[in-house]
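*Asks:* Just one file: target-v1.cif, with mmCIF, C-alpha atoms.
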```cif
data_entry
loop_
_atom_site.label_atom_id
_atom_site.label_comp_id
_atom_site.auth_asym_id
_atom_site.auth_seq_id
_atom_site.Cartn_x
_atom_site.Cartn_y
_atom_site.Cartn_z
CA MET C 1 -29.74 -17.26 -13.11
CA LYS C 2 -28.11 -15.34 -15.92
CA ARG C 3 -27.20 -11.69 -15.43
CA LYS C 4 -26.83 -8.92 -17.92
CA ILE C 5 -23.52 -7.12 -17.58
CA THR C 6 -21.73 -4.41 -19.48
CA LEU C 7 -17.97 -4.46 -19.66
CA THR C 8 -15.75 -1.90 -21.32
CA VAL C 9 -13.05 -4.01 -22.94
CA ASN C 10 -10.22 -2.07 -24.58
CA GLY C 11 -12.46 0.97 -24.83
CA LYS C 12 -15.37 -0.89 -26.43
CA GLU C 13 -18.57 -1.59 -24.54
CA GLN C 14 -19.65 -5.21 -24.49
CA GLU C 15 -23.11 -6.25 -23.38
CA LEU C 16 -23.26 -9.84 -22.25
CA GLU C 17 -25.60 -12.26 -20.59
CA ILE C 18 -23.67 -14.62 -18.35
CA GLU C 19 -23.96 -16.95 -15.39
CA PRO C 20 -22.51 -15.40 -12.21
CA ASN C 21 -20.02 -18.28 -11.92
CA ARG C 22 -18.21 -17.31 -15.13
CA LEU C 23 -14.71 -15.99 -14.66
CA LEU C 24 -13.49 -12.88 -16.42
CA LEU C 25 -10.81 -14.95 -18.17
CA HIS C 26 -13.36 -17.30 -19.72
CA VAL C 27 -15.74 -14.50 -20.65
CA LEU C 28 -12.93 -12.62 -22.41
CA ARG C 29 -11.82 -15.70 -24.30
CA GLU C 30 -15.05 -17.53 -24.99
CA GLU C 31 -17.76 -14.85 -25.09
CA ILE C 32 -15.87 -11.87 -26.47
CA GLY C 33 -13.33 -13.90 -28.45
CA LEU C 34 -10.21 -12.18 -27.12
CA THR C 35 -7.96 -15.22 -26.81
CA GLY C 36 -4.76 -13.24 -26.25
CA THR C 37 -5.24 -13.63 -22.50
CA LYS C 38 -4.11 -17.14 -21.58
CA GLU C 39 -5.00 -19.57 -18.85
CA GLY C 40 -2.04 -21.10 -17.06
CA CYS C 41 -2.21 -22.28 -13.49
CA SER C 42 -5.83 -21.20 -12.78
CA ILE C 43 -4.93 -20.24 -9.20
CA GLY C 44 -3.42 -16.78 -9.60
CA VAL C 45 0.22 -17.81 -9.44
CA CYS C 46 1.54 -17.82 -13.00
CA GLY C 47 0.31 -14.49 -14.32
CA ALA C 48 -0.55 -15.70 -17.84
CA CYS C 49 -4.10 -14.37 -17.42
CA SER C 50 -3.06 -10.89 -16.21
CA VAL C 51 -5.34 -8.08 -17.34
CA ILE C 52 -5.81 -4.53 -16.12
CA VAL C 53 -9.18 -3.74 -14.50
CA ASP C 54 -9.83 -0.09 -13.65
CA GLY C 55 -6.08 0.54 -13.76
CA ARG C 56 -5.20 -2.35 -11.46
CA LEU C 57 -3.32 -5.40 -12.60
CA VAL C 58 -5.36 -8.50 -11.68
CA SER C 59 -5.54 -12.22 -12.42
CA SER C 60 -8.57 -12.71 -14.64
CA CYS C 61 -8.69 -16.39 -13.58
CA LEU C 62 -9.66 -15.29 -10.06
CA THR C 63 -12.06 -12.51 -11.03
CA LEU C 64 -15.78 -13.05 -11.41
CA ALA C 65 -17.00 -11.47 -14.62
CA ALA C 66 -20.21 -10.44 -12.86
CA GLY C 67 -18.11 -8.38 -10.43
CA CYS C 68 -16.66 -6.42 -13.34
CA GLU C 69 -19.99 -4.85 -14.33
CA GLY C 70 -19.28 -1.34 -15.57
CA ARG C 71 -15.53 -1.69 -15.15
CA ASP C 72 -12.85 -0.80 -17.65
CA ILE C 73 -10.79 -3.78 -18.78
CA GLU C 74 -7.56 -3.68 -20.74
CA THR C 75 -6.20 -6.78 -22.44
CA ILE C 76 -3.21 -7.44 -24.67
CA GLU C 77 -5.38 -6.89 -27.75
CA GLY C 78 -5.94 -3.26 -26.81
CA LEU C 79 -2.28 -2.25 -26.67
CA ALA C 80 -1.49 -1.73 -30.35
CA LYS C 81 -2.95 1.56 -31.60
CA ASP C 82 -3.60 2.38 -35.27
CA GLY C 83 -1.49 -0.50 -36.49
CA ASN C 84 1.49 0.49 -34.35
CA LEU C 85 2.72 -1.85 -31.66
CA HIS C 86 2.90 -0.66 -28.07
CA PRO C 87 6.53 0.10 -27.10
CA LEU C 88 6.49 -2.96 -24.82
CA GLN C 89 5.34 -5.23 -27.62
CA GLN C 90 8.00 -3.75 -29.87
CA ALA C 91 10.64 -4.25 -27.20
CA PHE C 92 9.70 -7.89 -26.60
CA ILE C 93 10.19 -8.54 -30.32
CA GLU C 94 13.44 -6.62 -30.58
CA TYR C 95 15.02 -8.05 -27.47
CA GLY C 96 13.67 -11.59 -27.74
CA GLY C 97 11.44 -11.26 -24.66
CA PHE C 98 9.62 -14.50 -25.39
CA GLN C 99 10.25 -18.04 -26.47
CA CYS C 100 7.11 -20.18 -26.60
CA GLY C 101 5.00 -17.09 -26.00
CA ILE C 102 2.24 -18.34 -23.72
CA CYS C 103 3.26 -16.13 -20.80
CA THR C 104 3.92 -13.12 -23.02
CA PRO C 105 0.50 -11.41 -22.95
CA GLY C 106 0.58 -11.59 -19.16
CA GLN C 107 4.18 -10.41 -19.00
CA ILE C 108 3.41 -7.42 -21.22
CA MET C 109 0.25 -6.48 -19.30
CA ALA C 110 2.16 -6.71 -16.01
CA ALA C 111 4.95 -4.54 -17.39
CA LYS C 112 2.40 -2.06 -18.71
CA ALA C 113 0.74 -1.79 -15.30
CA LEU C 114 4.15 -1.09 -13.76
CA LEU C 115 5.09 1.55 -16.33
CA ASP C 116 1.68 3.21 -15.98
CA GLU C 117 2.36 3.58 -12.29
CA ASN C 118 6.09 4.23 -12.39
CA PRO C 119 7.52 5.13 -15.81
CA LYS C 120 11.13 4.94 -14.62
CA PRO C 121 11.53 1.82 -12.48
CA THR C 122 14.95 0.38 -11.71
CA ALA C 123 15.87 -3.12 -12.85
CA ASP C 124 15.31 -4.38 -9.30
CA GLU C 125 11.86 -2.82 -9.16
CA VAL C 126 10.98 -4.47 -12.46
CA LYS C 127 12.20 -7.84 -11.14
CA GLU C 128 10.18 -7.49 -7.97
CA TRP C 129 7.06 -6.43 -9.81
CA MET C 130 7.35 -9.15 -12.44
CA SER C 131 7.98 -11.87 -9.85
CA GLY C 132 4.34 -12.91 -10.24
CA ASN C 133 4.69 -13.72 -13.92
CA LEU C 134 6.26 -17.08 -14.54
CA CYS C 135 8.03 -18.06 -17.76
CA ARG C 136 8.57 -21.80 -18.03
CA CYS C 137 11.00 -21.29 -20.89
CA THR C 138 12.91 -19.37 -18.18
CA GLY C 139 13.63 -16.44 -20.45
CA TYR C 140 13.62 -14.02 -17.56
CA TYR C 141 16.72 -12.02 -18.51
CA LYS C 142 15.38 -11.32 -21.95
CA ILE C 143 12.07 -10.20 -20.44
CA LEU C 144 13.88 -7.90 -18.04
CA GLU C 145 16.00 -6.58 -20.89
CA SER C 146 12.87 -5.89 -22.94
CA VAL C 147 11.15 -3.96 -20.17
CA MET C 148 14.30 -2.00 -19.36
CA ALA C 149 14.67 -1.14 -23.05
CA VAL C 150 11.31 0.62 -22.87
CA VAL C 151 12.26 2.33 -19.61
CA ASN C 152 15.52 3.58 -21.15
CA ASN C 153 13.88 4.38 -24.46
CA LYS C 154 16.10 2.03 -26.41
CA ILE C 155 13.65 0.63 -28.90
CA SER C 156 13.32 1.34 -32.54
CA PRO C 157 11.09 -0.18 -35.21
CA ASP C 158 14.23 -0.53 -37.28
CA PHE C 159 16.28 -2.78 -35.09
CA GLN C 160 18.47 -4.41 -37.73
CA PHE C 161 21.49 -2.71 -36.17
CA ARG C 162 20.89 -4.72 -33.01
CA LYS C 163 20.94 -7.95 -34.96
CA ARG C 164 24.35 -7.05 -36.34
CA GLU C 165 25.51 -6.12 -32.86
CA GLN C 166 24.36 -9.49 -31.53
CA GLN C 167 26.07 -11.31 -34.37
CA ALA C 168 29.35 -9.55 -33.69
CA LYS C 169 29.00 -10.36 -30.00
CA ILE C 170 28.44 -14.04 -30.69
CA GLN C 171 31.37 -14.19 -33.07
CA SER C 172 33.63 -12.55 -30.52
CA LEU C 173 32.98 -15.33 -28.02
CA ASP C 174 35.86 -17.72 -27.49
CA VAL C 175 33.76 -20.67 -28.38
CA TYR C 176 33.67 -19.62 -32.04
CA LYS C 177 37.40 -19.12 -32.35
CA PRO C 178 39.36 -21.92 -33.98
CA VAL C 179 40.79 -24.19 -31.37
CA ALA C 180 44.57 -24.38 -31.36
CA LYS C 181 45.76 -27.75 -32.42
CA THR C 182 47.56 -29.82 -29.86
CA ASP C 183 49.92 -32.47 -31.02
CA MET J 1 -17.51 -24.19 -10.13
CA VAL J 2 -21.14 -24.78 -9.17
CA LYS J 3 -23.78 -22.27 -10.19
CA PHE J 4 -24.69 -19.69 -7.60
CA ASP J 5 -26.69 -16.54 -7.10
CA TYR J 6 -24.61 -13.41 -6.90
CA PHE J 7 -25.42 -10.31 -4.90
CA GLU J 8 -23.65 -7.00 -4.62
CA PRO J 9 -25.06 -5.20 -1.58
CA LYS J 10 -24.45 -1.45 -1.34
CA SER J 11 -24.06 -1.34 2.44
CA VAL J 12 -22.80 -3.49 5.31
CA GLU J 13 -26.36 -3.69 6.68
CA GLN J 14 -27.62 -5.08 3.40
CA ALA J 15 -24.76 -7.59 3.33
CA CYS J 16 -25.63 -8.72 6.87
CA ALA J 17 -29.25 -9.13 5.85
CA PHE J 18 -28.25 -11.32 2.88
CA LEU J 19 -26.06 -13.42 5.16
CA GLU J 20 -28.84 -13.88 7.67
CA ARG J 21 -31.36 -14.80 5.03
CA HIS J 22 -29.14 -17.38 3.33
CA ALA J 23 -27.36 -18.59 6.46
CA ASP J 24 -25.17 -21.61 5.71
CA GLU J 25 -25.35 -21.57 1.95
CA ALA J 26 -23.90 -18.07 1.49
CA LYS J 27 -20.25 -17.02 1.25
CA LEU J 28 -18.79 -13.55 1.24
CA ILE J 29 -16.37 -12.57 -1.49
CA ALA J 30 -14.09 -9.54 -1.46
CA GLY J 31 -10.88 -9.90 -3.48
CA GLY J 32 -11.63 -13.45 -4.52
CA THR J 33 -8.05 -14.69 -4.39
CA ALA J 34 -8.81 -17.32 -1.75
CA LEU J 35 -12.51 -18.09 -2.14
CA LEU J 36 -12.44 -18.57 -5.90
CA ILE J 37 -9.52 -21.00 -5.71
CA TRP J 38 -11.45 -23.12 -3.23
CA MET J 39 -14.59 -22.86 -5.32
CA ARG J 40 -12.74 -23.84 -8.49
CA MET J 41 -11.39 -26.85 -6.62
CA MET J 42 -14.96 -27.64 -5.46
CA LEU J 43 -13.86 -27.50 -1.84
CA LEU J 44 -16.55 -24.89 -1.26
CA ASN J 45 -19.82 -24.90 -3.15
CA PRO J 46 -21.93 -22.00 -1.92
CA HIS J 47 -25.33 -21.39 -3.48
CA VAL J 48 -25.13 -17.68 -2.80
CA VAL J 49 -22.11 -15.43 -3.16
CA VAL J 50 -22.31 -11.98 -1.61
CA SER J 51 -19.73 -9.52 -2.90
CA LEU J 52 -18.48 -6.73 -0.63
CA ALA J 53 -16.68 -5.00 -3.47
CA ARG J 54 -19.30 -2.32 -4.09
CA ILE J 55 -19.88 -1.06 -0.56
CA PRO J 56 -18.82 2.60 -0.61
CA GLY J 57 -15.91 3.36 1.72
CA PHE J 58 -15.36 -0.29 2.61
CA ASP J 59 -11.78 -0.06 1.38
CA SER J 60 -10.79 3.13 3.18
CA ILE J 61 -7.75 3.57 5.41
CA SER J 62 -7.65 6.40 7.92
CA PHE J 63 -5.08 7.49 10.45
CA ASP J 64 -5.43 9.63 13.54
CA PRO J 65 -2.53 10.08 16.01
CA LYS J 66 -4.83 9.45 18.99
CA ASP J 67 -6.99 6.73 17.56
CA GLY J 68 -4.40 4.93 15.50
CA LEU J 69 -4.84 3.33 12.13
CA ARG J 70 -8.27 2.18 11.01
CA ILE J 71 -8.29 -0.12 8.03
CA LYS J 72 -11.66 -1.08 6.62
CA ALA J 73 -11.84 -4.78 5.80
CA GLY J 74 -12.17 -4.19 2.06
CA ALA J 75 -8.80 -2.45 1.78
CA ARG J 76 -6.53 -4.35 -0.53
CA HIS J 77 -3.03 -5.34 0.51
CA ARG J 78 -1.59 -2.92 -1.99
CA ASP J 79 -3.71 -0.02 -0.69
CA ILE J 80 -2.19 -0.60 2.73
CA GLU J 81 1.30 -0.92 1.29
CA LEU J 82 0.96 2.39 -0.56
CA ASP J 83 -0.73 4.33 2.23
CA PRO J 84 1.54 7.19 3.38
CA ALA J 85 0.41 6.94 7.03
CA VAL J 86 1.22 3.23 7.16
CA ARG J 87 4.64 3.89 5.69
CA GLU J 88 5.39 6.65 8.16
CA HIS J 89 3.93 5.34 11.41
CA TYR J 90 3.77 1.57 10.94
CA PRO J 91 7.01 0.54 9.25
CA LEU J 92 6.50 -3.09 10.27
CA LEU J 93 3.15 -3.22 8.48
CA TYR J 94 4.61 -1.51 5.43
CA GLU J 95 7.43 -4.03 5.30
CA THR J 96 5.02 -6.94 5.76
CA PHE J 97 2.43 -5.88 3.20
CA ARG J 98 5.11 -4.96 0.68
CA LYS J 99 6.20 -8.57 0.66
CA VAL J 100 2.83 -10.35 0.51
CA ALA J 101 2.78 -12.53 -2.62
CA GLN J 102 3.31 -10.23 -5.60
CA PRO J 103 1.72 -6.98 -6.80
CA ARG J 104 -1.06 -8.60 -8.80
CA ILE J 105 -2.34 -10.59 -5.83
CA ARG J 106 -1.86 -7.58 -3.53
CA ASN J 107 -4.02 -5.62 -5.98
CA MET J 108 -6.82 -8.13 -5.53
CA GLY J 109 -6.72 -9.65 -2.06
CA THR J 110 -8.25 -7.69 0.81
CA ILE J 111 -7.09 -7.62 4.41
CA GLY J 112 -10.51 -8.69 5.67
CA GLY J 113 -10.53 -11.68 3.35
CA ASN J 114 -7.04 -12.60 4.39
CA LEU J 115 -7.83 -12.59 8.11
CA CYS J 116 -11.20 -14.34 7.76
CA GLN J 117 -9.76 -17.11 5.64
CA GLY J 118 -7.61 -17.96 8.64
CA ASP J 119 -4.76 -19.27 6.56
CA PRO J 120 -1.70 -19.51 8.84
CA LEU J 121 0.68 -19.36 5.89
CA THR J 122 -0.06 -15.74 5.07
CA ASP J 123 1.95 -12.85 6.47
CA PRO J 124 -0.34 -10.05 7.69
CA GLY J 125 -1.77 -11.91 10.71
CA ALA J 126 1.50 -12.15 12.61
CA SER J 127 2.51 -8.54 12.02
CA LEU J 128 -0.93 -7.20 12.94
CA ILE J 129 -0.93 -9.21 16.19
CA ALA J 130 2.55 -7.90 16.98
CA MET J 131 1.16 -4.39 16.58
CA ASP J 132 -1.75 -5.17 19.00
CA ALA J 133 -4.40 -4.89 16.31
CA GLU J 134 -8.05 -5.32 17.22
CA ILE J 135 -10.87 -6.14 14.88
CA THR J 136 -14.53 -5.22 14.72
CA LEU J 137 -17.10 -7.77 13.60
CA THR J 138 -20.71 -7.04 12.94
CA SER J 139 -23.87 -8.98 12.23
CA SER J 140 -27.44 -7.82 11.82
CA LYS J 141 -27.88 -8.25 15.59
CA ALA J 142 -24.68 -7.17 17.30
CA LYS J 143 -21.29 -5.63 16.91
CA ARG J 144 -18.19 -6.77 18.80
CA THR J 145 -14.55 -5.83 19.00
CA LEU J 146 -11.81 -8.24 19.99
CA PRO J 147 -8.02 -8.48 19.84
CA LEU J 148 -6.93 -10.06 16.59
CA GLU J 149 -4.98 -12.67 18.53
CA LYS J 150 -8.22 -14.11 19.93
CA PHE J 151 -9.77 -14.29 16.48
CA PHE J 152 -7.54 -17.08 15.21
CA VAL J 153 -8.50 -20.53 16.45
CA ASP J 154 -6.72 -23.08 14.29
CA TYR J 155 -5.81 -23.83 10.69
CA TYR J 156 -8.42 -22.06 8.58
CA GLN J 157 -10.57 -21.64 11.67
CA THR J 158 -11.51 -18.31 13.12
CA ASP J 159 -13.92 -17.00 15.70
CA LEU J 160 -16.14 -15.60 12.94
CA ARG J 161 -19.71 -16.52 13.85
CA PRO J 162 -22.48 -17.28 11.36
CA GLY J 163 -23.86 -14.07 9.91
CA GLU J 164 -20.88 -11.97 10.97
CA ILE J 165 -18.77 -9.72 8.77
CA LEU J 166 -15.35 -8.35 9.65
CA ILE J 167 -15.61 -4.65 9.01
CA GLU J 168 -12.57 -2.96 10.48
CA ILE J 169 -9.06 -3.49 11.80
CA ARG J 170 -7.71 -0.91 14.25
CA VAL J 171 -4.00 -0.68 14.96
CA PRO J 172 -3.03 1.62 17.85
CA LEU J 173 -0.13 4.00 17.32
CA PRO J 174 2.93 2.29 18.80
CA ALA J 175 5.09 4.10 21.35
CA ARG J 176 8.43 5.29 20.08
CA PRO J 177 11.16 4.25 19.92
CA LEU J 178 9.93 1.17 18.16
CA GLY J 179 12.13 -1.72 17.11
CA TRP J 180 10.73 -4.14 14.62
CA ALA J 181 11.57 -6.94 12.26
CA HIS J 182 9.70 -9.14 9.84
CA ILE J 183 11.40 -12.12 8.33
CA LYS J 184 10.08 -15.13 6.50
CA PHE J 185 11.53 -18.26 5.05
CA LEU J 186 10.43 -18.85 1.49
CA PRO J 187 10.82 -22.34 0.07
CA ARG J 188 11.13 -21.37 -3.57
CA SER J 189 10.60 -17.88 -4.87
CA GLN J 190 9.65 -14.43 -3.65
CA GLU J 191 5.92 -14.72 -4.24
CA ASP J 192 5.64 -18.10 -2.53
CA PHE J 193 3.88 -18.85 0.76
CA ALA J 194 6.29 -18.64 3.67
CA THR J 195 7.16 -21.84 5.51
CA VAL J 196 7.78 -19.77 8.63
CA GLY J 197 7.29 -16.08 9.21
CA VAL J 198 8.28 -14.06 12.24
CA ALA J 199 7.13 -10.59 13.16
CA LEU J 200 8.82 -8.99 16.13
CA VAL J 201 8.24 -5.70 17.91
CA LEU J 202 10.30 -4.14 20.68
CA ARG J 203 8.83 -1.16 22.46
CA GLY J 204 9.79 1.80 24.55
CA ASN J 205 12.20 1.14 27.39
CA ALA J 206 12.85 -2.38 26.19
CA LEU J 207 15.07 -0.69 23.66
CA GLY J 208 17.78 0.35 26.07
CA LYS J 209 21.48 0.29 25.70
CA ARG J 210 21.56 -3.46 25.79
CA ARG J 211 18.94 -3.39 23.11
CA ARG J 212 19.46 -6.82 21.74
CA SER J 213 19.68 -8.95 24.85
CA CYS J 214 17.28 -7.45 27.38
CA ALA J 215 14.73 -6.41 24.81
CA ALA J 216 14.41 -9.85 23.35
CA LYS J 217 13.70 -11.35 26.76
CA ARG J 218 10.95 -8.96 27.65
CA SER J 219 9.22 -8.39 24.40
CA PRO J 220 6.41 -10.36 22.89
CA MET J 221 7.15 -12.39 19.90
CA ILE J 222 4.98 -13.91 17.24
CA GLU J 223 5.60 -16.96 15.23
CA SER J 224 3.51 -18.27 12.44
CA GLY J 225 3.93 -21.08 10.03
CA ARG J 226 3.06 -24.63 9.26
CA TRP J 227 4.53 -26.08 12.38
CA ARG J 228 3.12 -23.65 14.87
CA ARG J 229 -0.42 -23.33 13.59
CA TRP J 230 -1.42 -19.83 14.47
CA PRO J 231 0.48 -16.77 15.50
CA ARG J 232 0.65 -16.78 19.27
CA MET J 233 1.84 -14.03 21.48
CA LYS J 234 4.51 -15.22 23.87
CA SER J 235 7.58 -14.04 25.67
CA ILE J 236 10.75 -15.27 24.17
CA PRO J 237 12.25 -18.09 26.18
CA TRP J 238 15.29 -17.99 23.93
CA MET J 239 18.91 -17.74 24.87
CA THR J 240 19.85 -14.13 24.39
CA THR J 241 22.26 -15.06 21.65
CA ALA J 242 19.48 -16.58 19.60
CA ALA J 243 17.53 -13.35 19.29
CA PRO J 244 17.69 -11.85 15.82
CA PRO J 245 19.37 -8.47 15.63
CA ILE J 246 16.88 -5.64 15.57
CA THR J 247 18.18 -3.52 12.78
CA ASN J 248 15.14 -1.35 12.31
CA VAL J 249 14.45 1.24 14.95
CA THR J 250 12.17 4.15 14.23
#
```
As structure tokens, what does this structure read like?
*Replies:*
Amino acid sequence: MKRKITLTVNGKEQELEIEPNRLLLHVLREEIGLTGTKEGCSIGVCGACSVIVDGRLVSSCLTLAAGCEGRDIETIEGLAKDGNLHPLQQAFIEYGGFQCGICTPGQIMAAKALLDENPKPTADEVKEWMSGNLCRCTGYYKILESVMAVVNNKISPDFQFRKREQQAKIQSLDVYKPVAKTD
Amino acid sequence: MVKFDYFEPKSVEQACAFLERHADEAKLIAGGTALLIWMRMMLLNPHVVVSLARIPGFDSISFDPKDGLRIKAGARHRDIELDPAVREHYPLLYETFRKVAQPRIRNMGTIGGNLCQGDPLTDPGASLIAMDAEITLTSSKAKRTLPLEKFFVDYYQTDLRPGEILIEIRVPLPARPLGWAHIKFLPRSQEDFATVGVALVLRGNALGKRRRSCAAKRSPMIESGRWRRWPRMKSIPWMTTAAPPITNVT
């Protein structure tokens, strides 16, 4: 039997009529059309479907939408405000925090939940917290770097200087130096 | 997942009434981290799902020096981890709950759900038994309290009777000085299920000068894991040298 529920998604009220067996993940993606939240493992391990419900980070693949009646849900789509990216989104771009990108919405939501709770975590705290978000491209160091950049306030919309810095760093590596000829 | 009817009772009594009315075809849901996986895999196909998430006060944690710690079954793992009384008086529980899965799952999964699922791979059971926890179960007819150790029967089997709901876990205040340790072997990564987990508590005069050797012989020890089914209280028959060092004494 279908139920009427009201969800507040990214500050906007959504009235829906759904079967009780629908998961929050599928309702967000298929009913509301917010496809930023991804489905990965479907058993709460990978973290690709992470969203924030009433201030708590949860796996939307293991949350019944009917149980979210009246609750406040934040997804990746709600982070950018007035055309400006959220600092975390900015940092992930600047510091190359993603490769294929499928885990990224979950990674950013997890990082946001951490920073909401503790704005100045240490690198170890970030690692521990983010241990539930898997990246199969294995870009973990870049993700950590991105989150720490926000913690240490090292992001800037104009990040060209960092590109130059990176280029210089790459060129300074031994591998790019001409190899001495051996007779 | 099959289609089901969904109820959100506002009190434990109401929840008991739903359970009684729907008997075998109903399942309780709290955090959902275990039940929904099984339902998505079609291992469980209940026609009625009764959510305990909206019962006021069902997630509360209270501490009284005489009475000990009372954790309502709907408390999430992370609530217990962050509770100041748990951190101060029950360091073993703090250490255990801090390491259950990862924060997102701790935010969702409840202690009542964890215990009633009867999964021997999870951590809280062993540590709660080591701390002499007792649980209170209620149905529309009767209420009973039993030591947590007696609750676990076998893999995924508990002493939970039809129509019963676990409502509270009480952990008495341990005598000081208290020595404790919780270790687990993880096959892959930090958030993985443990292959083996050990919770160990040494109490009072067992913690003498020869803390390591004599204490380990006298104290109860818990083991849990795939190869030993359920946590069982037992005295350590080990050689004294095999006892792990107790580094935490509070």
*Asks:* Can you check which residues of chain C have any atom within 7 Å of chain J? Use all atoms listed in the file and format it as a list in words.
*Replies:*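 Written out as asked, the residues are Met1, Pro20, Asn21, Ile43, Arg56, Leu57, Val58, Ser59, Leu62, Thr63, Trp129, Ser131 and Gly132 of chain C.
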*Asks:* CA of Thr75 (chain C) and CA of Val126 (chain C) are how many Å apart?
*Replies:*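 Calculated distance between CA of Thr75 (chain C) and CA of Val126 (chain C) is 20.0 Å.
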*Asks:* Might you pull out every residue within 9 Å of Gln90 (chain C), with only C-alpha atoms counted and same-chain residues fewer than 2 positions away left off, and present them as a ChimeraX atom specification?
*Replies:* /C:84-88,92-95,146,150,155-157
*Asks:* Can you tell me which residues surround Gly78 (chain C) at a distance of at most 9 Å, considering all atoms listed in the file, apart from same-chain residues fewer than 2 positions away, and format the answer as a list in words?
*Replies:*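 Counting all atoms listed in the file, the residues come to Val9, Asn10, Gly11, Glu74, Thr75, Ile76, Ala80 and Lys81 of chain C.
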*Asks:* Mind checking which residues fall within 10 Å of region 10-22 of chain J, counting all atoms listed in the file, ignoring those fewer than 5 positions away in the same chain, and posting them as a PyMOL selection string?
*Replies:* chain J and resi 27-28+47-58+138-141+162-167
*Asks:* Check which residues satisfy the PyMOL selection byres ((chain C and resi 133) around 10) in the file shown, then give them as a list in words.
*Replies:* Gly44, Val45, Cys46, Gly47, Ala48, Cys49, Ser50, Cys103, Thr104, Gly106, Gln107, Ile108, Ala110, Ala111, Lys127, Trp129, Met130, Ser131, Gly132, Leu134, Cys135, Arg136 and Tyr140 of chain C; Gln102, Arg104 and Glu191 of chain J
*Asks:* Can you work out the spacing between CA of Gly139 (chain C) and CA of Lys169 (chain C) in Å, to one decimal?
*Replies:* 19.1 Å
*Asks:* For a test of reading the model, state the distance in Å between CA of Lys112 (chain C) and CA of Leu92 (chain J), rounded to one decimal.
*Replies:* 29.3 Å
*Asks:* Applying the PyMOL selection byres ((chain J and resi 82-86) around 12) to the file I just gave you, which residues come out? Please list them as a PyMOL selection string.
*Replies:* (chain C and resi 117) or (chain J and resi 59-65+68-71+75-81+87-98+103+106-107+171-174)
*Asks:* Write out as JSON an axis-aligned box for region 25-32 of chain J: all of its atoms listed in the file, 5 Å added on each side, centre and edge lengths in Å with one decimal.
*Replies:*
```
{"center_x": -18.1, "center_y": -15.6, "center_z": -1.3, "size_x": 24.5, "size_y": 22.0, "size_z": 16.5}
```
*Asks:* Name every residue that the PyMOL selection byres ((chain C and resi 53) around 6) selects in this structure, writing the answer as a list of chain:residue names with chains first and numbers rising.
*Replies:*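 Selection result, ordered by chain and number: C:Ile52, C:Asp54, C:Gly55, C:Arg56, C:Asp72, C:Ile73.
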*Asks:* Pull region 9-37 of chain J out of the block and emit C-alpha atoms, as a compact mmCIF listing (two decimals), in the first residue's frame.
*Replies:*
```txt
# COMPACT_ATOMS: atom_id res chain seq x y z
CA PRO J 9 4.46 2.72 16.52
CA LYS J 10 4.89 5.56 19.01
CA SER J 11 5.40 3.37 22.07
CA VAL J 12 6.86 -0.02 23.02
CA GLU J 13 3.36 -1.23 23.97
CA GLN J 14 2.06 -0.39 20.52
CA ALA J 15 5.03 -2.15 18.94
CA CYS J 16 4.34 -5.27 21.04
CA ALA J 17 0.71 -5.18 19.96
CA PHE J 18 1.72 -5.02 16.28
CA LEU J 19 4.08 -7.95 16.80
CA GLU J 20 1.42 -10.00 18.49
CA ARG J 21 -1.14 -9.27 15.83
CA HIS J 22 1.14 -10.13 12.92
CA ALA J 23 3.08 -12.89 14.65
CA ASP J 24 5.39 -14.69 12.22
CA GLU J 25 5.08 -12.37 9.28
CA ALA J 26 6.35 -9.24 11.05
CA LYS J 27 9.94 -8.05 11.53
CA LEU J 28 11.22 -5.22 13.65
CA ILE J 29 13.50 -2.63 12.11
CA ALA J 30 15.62 -0.13 14.00
CA GLY J 31 18.78 1.01 12.19
CA GLY J 32 18.17 -1.20 9.19
CA THR J 33 21.81 -2.04 8.55
CA ALA J 34 21.27 -5.78 9.02
CA LEU J 35 17.60 -6.36 8.23
CA LEU J 36 17.57 -4.43 4.96
CA ILE J 37 20.61 -6.30 3.63
```
